>>> print(open('run02.pdb').read())   # PDB, C-alpha atoms
ATOM      1  CA  MET L   1     -99.177-274.121  34.601
ATOM      2  CA  ASP L   2     -98.369-276.248  31.596
ATOM      3  CA  GLN L   3    -100.303-275.150  28.571
ATOM      4  CA  GLN L   4    -101.077-277.287  25.565
ATOM      5  CA  LEU L   5    -100.109-275.805  22.229
ATOM      6  CA  PRO L   6    -102.334-276.410  19.188
ATOM      7  CA  ARG L   7    -100.127-279.175  17.744
ATOM      8  CA  GLY L   8     -99.994-281.218  20.948
ATOM      9  CA  ARG L   9     -96.621-279.943  22.105
ATOM     10  CA  GLU L  10     -96.173-278.833  25.670
ATOM     11  CA  SER L  11     -95.484-275.252  26.580
ATOM     12  CA  ALA L  12     -91.892-274.046  26.585
ATOM     13  CA  THR L  13     -92.340-272.770  30.143
ATOM     14  CA  GLU L  14     -91.514-275.352  32.729
ATOM     15  CA  PRO L  15     -91.912-274.993  36.481
ATOM     16  CA  VAL L  16     -88.752-274.039  38.334
ATOM     17  CA  LEU L  17     -87.613-276.954  40.443
ATOM     18  CA  ARG L  18     -85.337-276.496  43.409
ATOM     19  CA  SER L  19     -81.910-277.943  42.830
ATOM     20  CA  ARG L  20     -81.107-280.807  45.127
ATOM     21  CA  LEU L  21     -77.411-280.681  44.318
ATOM     22  CA  LEU L  22     -76.527-277.102  45.223
ATOM     23  CA  PRO L  23     -77.947-275.163  48.127
ATOM     24  CA  ARG L  24     -79.715-271.932  47.297
ATOM     25  CA  ILE L  25     -77.711-269.101  48.820
ATOM     26  CA  SER L  26     -78.916-265.581  48.268
ATOM     27  CA  PHE L  27     -76.726-262.552  47.790
ATOM     28  CA  GLN L  28     -78.280-261.055  50.895
ATOM     29  CA  SER L  29     -77.115-263.967  53.055
ATOM     30  CA  LEU L  30     -73.611-263.675  51.572
ATOM     31  CA  LEU L  31     -73.552-259.938  52.338
ATOM     32  CA  VAL L  32     -74.684-260.563  55.927
ATOM     33  CA  LEU L  33     -72.017-263.250  56.334
ATOM     34  CA  THR L  34     -69.373-260.884  54.947
ATOM     35  CA  ALA L  35     -70.461-258.073  57.281
ATOM     36  CA  VAL L  36     -70.452-260.318  60.361
ATOM     37  CA  SER L  37     -67.037-261.707  59.392
ATOM     38  CA  ALA L  38     -65.683-258.161  58.984
ATOM     39  CA  VAL L  39     -66.859-257.212  62.477
ATOM     40  CA  VAL L  40     -65.337-260.381  63.989
ATOM     41  CA  ILE L  41     -62.027-259.774  62.196
ATOM     42  CA  ALA L  42     -62.003-256.133  63.353
ATOM     43  CA  VAL L  43     -62.585-257.190  66.969
ATOM     44  CA  VAL L  44     -59.835-259.816  66.821
ATOM     45  CA  TYR L  45     -57.452-257.295  65.214
ATOM     46  CA  ALA L  46     -58.223-254.745  67.946
ATOM     47  CA  ALA L  47     -57.625-257.443  70.566
ATOM     48  CA  ASP L  48     -54.262-258.177  68.961
ATOM     49  CA  GLN L  49     -53.397-254.479  69.253
ATOM     50  CA  GLY L  50     -54.051-254.577  73.013
ATOM     51  CA  GLY L  51     -57.673-253.456  73.424
ATOM     52  CA  ALA L  52     -59.061-254.802  76.698
ATOM     53  CA  TYR L  53     -62.708-254.917  75.639
ATOM     54  CA  ALA L  54     -61.770-256.339  72.249
ATOM     55  CA  THR L  55     -59.732-259.048  73.976
ATOM     56  CA  ALA L  56     -62.703-259.921  76.157
ATOM     57  CA  ALA L  57     -64.979-260.023  73.102
ATOM     58  CA  ALA L  58     -62.504-262.221  71.200
ATOM     59  CA  VAL L  59     -62.249-264.621  74.145
ATOM     60  CA  GLY L  60     -66.059-264.730  74.351
ATOM     61  CA  LEU L  61     -66.338-265.507  70.627
ATOM     62  CA  PHE L  62     -63.680-268.209  70.911
ATOM     63  CA  PHE L  63     -65.431-269.716  73.944
ATOM     64  CA  THR L  64     -68.777-269.722  72.106
ATOM     65  CA  LEU L  65     -67.191-271.437  69.105
ATOM     66  CA  CYS L  66     -65.491-274.052  71.302
ATOM     67  CA  MET L  67     -68.723-274.795  73.171
ATOM     68  CA  PHE L  68     -70.587-275.203  69.872
ATOM     69  CA  VAL L  69     -67.972-277.669  68.602
ATOM     70  CA  CYS L  70     -67.937-279.621  71.893
ATOM     71  CA  SER L  71     -71.742-279.786  71.948
ATOM     72  CA  ALA L  72     -71.790-281.063  68.373
ATOM     73  CA  LEU L  73     -69.215-283.751  69.200
ATOM     74  CA  LEU L  74     -71.101-284.876  72.313
ATOM     75  CA  PHE L  75     -74.327-285.011  70.307
ATOM     76  CA  LEU L  76     -72.649-287.156  67.635
ATOM     77  CA  LEU L  77     -71.276-289.463  70.329
ATOM     78  CA  SER L  78     -74.676-289.900  71.991
ATOM     79  CA  TRP L  79     -76.353-290.337  68.591
ATOM     80  CA  ALA L  80     -73.857-293.043  67.626
ATOM     81  CA  VAL L  81     -74.426-294.921  70.872
ATOM     82  CA  ALA L  82     -78.213-294.649  70.574
ATOM     83  CA  PHE L  83     -78.627-295.575  66.916
ATOM     84  CA  LEU L  84     -75.508-297.652  66.231
ATOM     85  CA  PRO L  85     -74.702-299.389  69.530
ATOM     86  CA  ARG L  86     -72.755-302.339  68.143
ATOM     87  CA  PRO L  87     -70.448-300.284  65.860
ATOM     88  CA  ALA L  88     -69.936-297.786  68.693
ATOM     89  CA  GLY L  89     -69.033-300.667  70.997
ATOM     90  CA  ALA L  90     -66.604-302.077  68.439
ATOM     91  CA  VAL L  91     -64.952-298.660  68.108
ATOM     92  CA  ALA L  92     -64.659-298.365  71.906
ATOM     93  CA  VAL L  93     -63.058-301.814  72.194
ATOM     94  CA  ALA L  94     -60.683-301.018  69.315
ATOM     95  CA  LEU L  95     -59.695-297.681  70.891
ATOM     96  CA  GLY L  96     -59.057-299.448  74.201
ATOM     97  CA  ILE L  97     -56.799-301.952  72.469
ATOM     98  CA  VAL L  98     -54.942-299.246  70.533
ATOM     99  CA  PHE L  99     -54.377-297.072  73.612
ATOM    100  CA  GLY L 100     -53.367-300.136  75.641
ATOM    101  CA  ALA L 101     -50.848-301.175  72.994
ATOM    102  CA  SER L 102     -49.471-297.632  72.808
ATOM    103  CA  ARG L 103     -49.063-297.707  76.600
ATOM    104  CA  LEU L 104     -47.203-301.025  76.475
ATOM    105  CA  LEU L 105     -44.972-299.774  73.638
ATOM    106  CA  GLN L 106     -44.506-296.437  75.469
ATOM    107  CA  VAL L 107     -45.606-294.373  72.487
ATOM    108  CA  PRO L 108     -45.985-290.704  73.503
ATOM    109  CA  LEU L 109     -49.417-289.345  72.609
ATOM    110  CA  GLY L 110     -48.903-285.749  73.703
ATOM    111  CA  GLY L 111     -52.239-284.240  74.753
ATOM    112  CA  LEU L 112     -53.990-287.626  74.551
ATOM    113  CA  ALA L 113     -51.612-289.287  77.028
ATOM    114  CA  PHE L 114     -54.353-289.332  79.682
ATOM    115  CA  LEU L 115     -56.167-291.954  77.561
ATOM    116  CA  GLN L 116     -53.362-294.409  78.337
ATOM    117  CA  GLU L 117     -54.199-294.436  82.039
ATOM    118  CA  THR L 118     -55.657-297.628  83.485
ATOM    119  CA  ILE L 119     -59.086-296.181  84.266
ATOM    120  CA  TRP L 120     -59.572-295.034  80.664
ATOM    121  CA  LEU L 121     -58.484-298.385  79.262
ATOM    122  CA  ILE L 122     -60.899-300.223  81.563
ATOM    123  CA  ASN L 123     -63.726-297.814  80.650
ATOM    124  CA  PHE L 124     -63.160-298.297  76.924
ATOM    125  CA  GLN L 125     -63.262-302.076  77.307
ATOM    126  CA  VAL L 126     -66.234-302.273  79.694
ATOM    127  CA  ILE L 127     -68.405-299.813  77.731
ATOM    128  CA  GLY L 128     -67.374-301.335  74.405
ATOM    129  CA  TRP L 129     -68.139-304.911  75.404
ATOM    130  CA  PHE L 130     -71.409-303.822  77.038
ATOM    131  CA  LEU L 131     -72.541-302.154  73.812
ATOM    132  CA  LEU L 132     -71.486-305.173  71.779
ATOM    133  CA  LEU L 133     -73.249-307.738  73.965
ATOM    134  CA  PHE L 134     -76.292-305.731  75.131
ATOM    135  CA  PRO L 135     -77.078-303.144  72.459
ATOM    136  CA  ILE L 136     -79.134-300.345  73.957
ATOM    137  CA  GLY L 137     -81.310-297.989  71.996
ATOM    138  CA  VAL L 138     -82.521-300.614  69.557
ATOM    139  CA  ALA L 139     -86.272-300.171  69.268
ATOM    140  CA  PRO L 140     -88.305-303.346  69.744
ATOM    141  CA  ASP L 141     -90.845-304.321  67.136
ATOM    142  CA  SER L 142     -93.763-302.178  68.259
ATOM    143  CA  ASP L 143     -96.195-303.642  65.738
ATOM    144  CA  ALA L 144     -96.272-307.006  67.495
ATOM    145  CA  ALA L 145     -97.528-305.543  70.775
ATOM    146  CA  SER L 146     -99.976-303.124  69.195
ATOM    147  CA  PRO L 147    -103.653-304.093  69.352
ATOM    148  CA  PHE L 148    -104.152-302.314  66.026
ATOM    149  CA  ALA L 149    -101.721-304.645  64.245
ATOM    150  CA  ASP L 150    -104.363-307.405  63.995
ATOM    151  CA  ASP L 151    -107.259-305.063  63.197
ATOM    152  CA  GLN L 152    -108.722-305.389  66.664
ATOM    153  CA  LEU L 153    -109.960-302.766  69.039
ATOM    154  CA  PRO L 154    -107.768-301.653  71.930
ATOM    155  CA  PRO L 155    -108.628-302.986  75.385
ATOM    156  CA  GLN L 156    -111.242-300.936  77.216
ATOM    157  CA  ILE L 157    -110.655-299.670  80.715
ATOM    158  CA  PHE L 158    -114.346-299.237  81.514
ATOM    159  CA  ALA L 159    -117.016-301.615  80.327
ATOM    160  CA  PRO L 160    -119.376-300.027  77.828
ATOM    161  CA  ARG L 161    -122.643-298.729  79.274
ATOM    162  CA  GLU L 162    -125.972-300.088  78.229
ATOM    163  CA  PRO L 163    -127.655-297.732  75.830
ATOM    164  CA  SER L 164    -130.526-295.907  77.382
ATOM    165  CA  ASN L 165    -133.399-295.066  75.113
TER     166      ASN L 165
END
>>> encode(input="run02.pdb", output="structure tokens")
Amino acid sequence: MDQQLPRGRESATEPVLRSRLLPRISFQSLLVLTAVSAVVIAVVYAADQGGAYATAAAVGLFFTLCMFVCSALLFLLSWAVAFLPRPAGAVAVALGIVFGASRLLQVPLGGLAFLQETIWLINFQVIGWFLLLFPIGVAPDSDAASPFADDQLPPQIFAPREPSN
């Protein structure tokens, strides 16, 4: 694409590089987002006015959104335990200590008051200490056990046959 000019200068045309700082969002995607948002807002407004089907649709949309958020949080929790077991264990132990101290000091936690129960405190401590002492999910060094690491052939299940003419 680059052309050489007679005096050794490069061409003024440069290839278009994708920006790594800002995502490329097209006007079409913004228009689709605006249209979908308008339909959702219209359904929620109709539900507020007493429409039975609109109320059902609004509840379905809210349920879908809540399930998406819960799934994302559970994925992040499982990812943290799998890839960062020791920090996840330290967080679990710290949460157990904080909730235990708030129980001893009788600090009301509102909707999180169930985390002050004994079973939750024990679970936080047991899981936290387990992850600290026996980190799971840490991949062993697979190169040491590989027969290809030392430039040798893998073991053969069947002995090679004698070549026949």
>>> residues_around(input="run02.pdb", residues="Ala58 in chain L", least_positions_apart="3", cutoff="10 Å", atoms="only C-alpha atoms", output="list in words")
Val40, Ile41, Ala42, Val43, Val44, Tyr45, Ala46, Ala47, Asp48, Ala52, Tyr53, Ala54, Thr55, Leu61, Phe62, Phe63 and Thr64 of chain L
>>> write_last_selection(input="run02.pdb", atoms="C-alpha atoms", output="PDB file, in the frame of the given file")
ATOM      1  CA  VAL L  40     -65.337-260.381  63.989  1.00  0.00           C
ATOM      2  CA  ILE L  41     -62.027-259.774  62.196  1.00  0.00           C
ATOM      3  CA  ALA L  42     -62.003-256.133  63.353  1.00  0.00           C
ATOM      4  CA  VAL L  43     -62.585-257.190  66.969  1.00  0.00           C
ATOM      5  CA  VAL L  44     -59.835-259.816  66.821  1.00  0.00           C
ATOM      6  CA  TYR L  45     -57.452-257.295  65.214  1.00  0.00           C
ATOM      7  CA  ALA L  46     -58.223-254.745  67.946  1.00  0.00           C
ATOM      8  CA  ALA L  47     -57.625-257.443  70.566  1.00  0.00           C
ATOM      9  CA  ASP L  48     -54.262-258.177  68.961  1.00  0.00           C
ATOM     10  CA  ALA L  52     -59.061-254.802  76.698  1.00  0.00           C
ATOM     11  CA  TYR L  53     -62.708-254.917  75.639  1.00  0.00           C
ATOM     12  CA  ALA L  54     -61.770-256.339  72.249  1.00  0.00           C
ATOM     13  CA  THR L  55     -59.732-259.048  73.976  1.00  0.00           C
ATOM     14  CA  LEU L  61     -66.338-265.507  70.627  1.00  0.00           C
ATOM     15  CA  PHE L  62     -63.680-268.209  70.911  1.00  0.00           C
ATOM     16  CA  PHE L  63     -65.431-269.716  73.944  1.00  0.00           C
ATOM     17  CA  THR L  64     -68.777-269.722  72.106  1.00  0.00           C
TER      18      THR L  64
END
>>> closest_residue(input="run02.pdb", among="L:Ala57, L:Leu109, L:Ala92, L:Leu30", to="Ile122 in chain L", atoms="only C-alpha atoms")
L:Ala92
>>> atom_distance(input="run02.pdb", atom1="CA of Gln116 in chain L", atom2="CA of Ala101 in chain L")
9.0 Å
>>> closest_residue(input="run02.pdb", among="L:Ile136, L:Ile97, L:Leu73, L:Leu105", to="Asn123 in chain L", atoms="all atoms listed in the file")
L:Ile97
>>> atom_distance(input="run02.pdb", atom1="CA of Leu133 in chain L", atom2="CA of Pro85 in chain L")
9.6 Å
>>> closest_residue(input="run02.pdb", among="L:Leu95, L:Val81, L:Gly60, L:Gln156", to="Gln125 in chain L", atoms="only C-alpha atoms")
L:Leu95
>>> closest_residue(input="run02.pdb", among="L:Ala56, L:Gln106, L:Gly128, L:Ser29", to="Arg86 in chain L", atoms="all atoms listed in the file")
L:Gly128
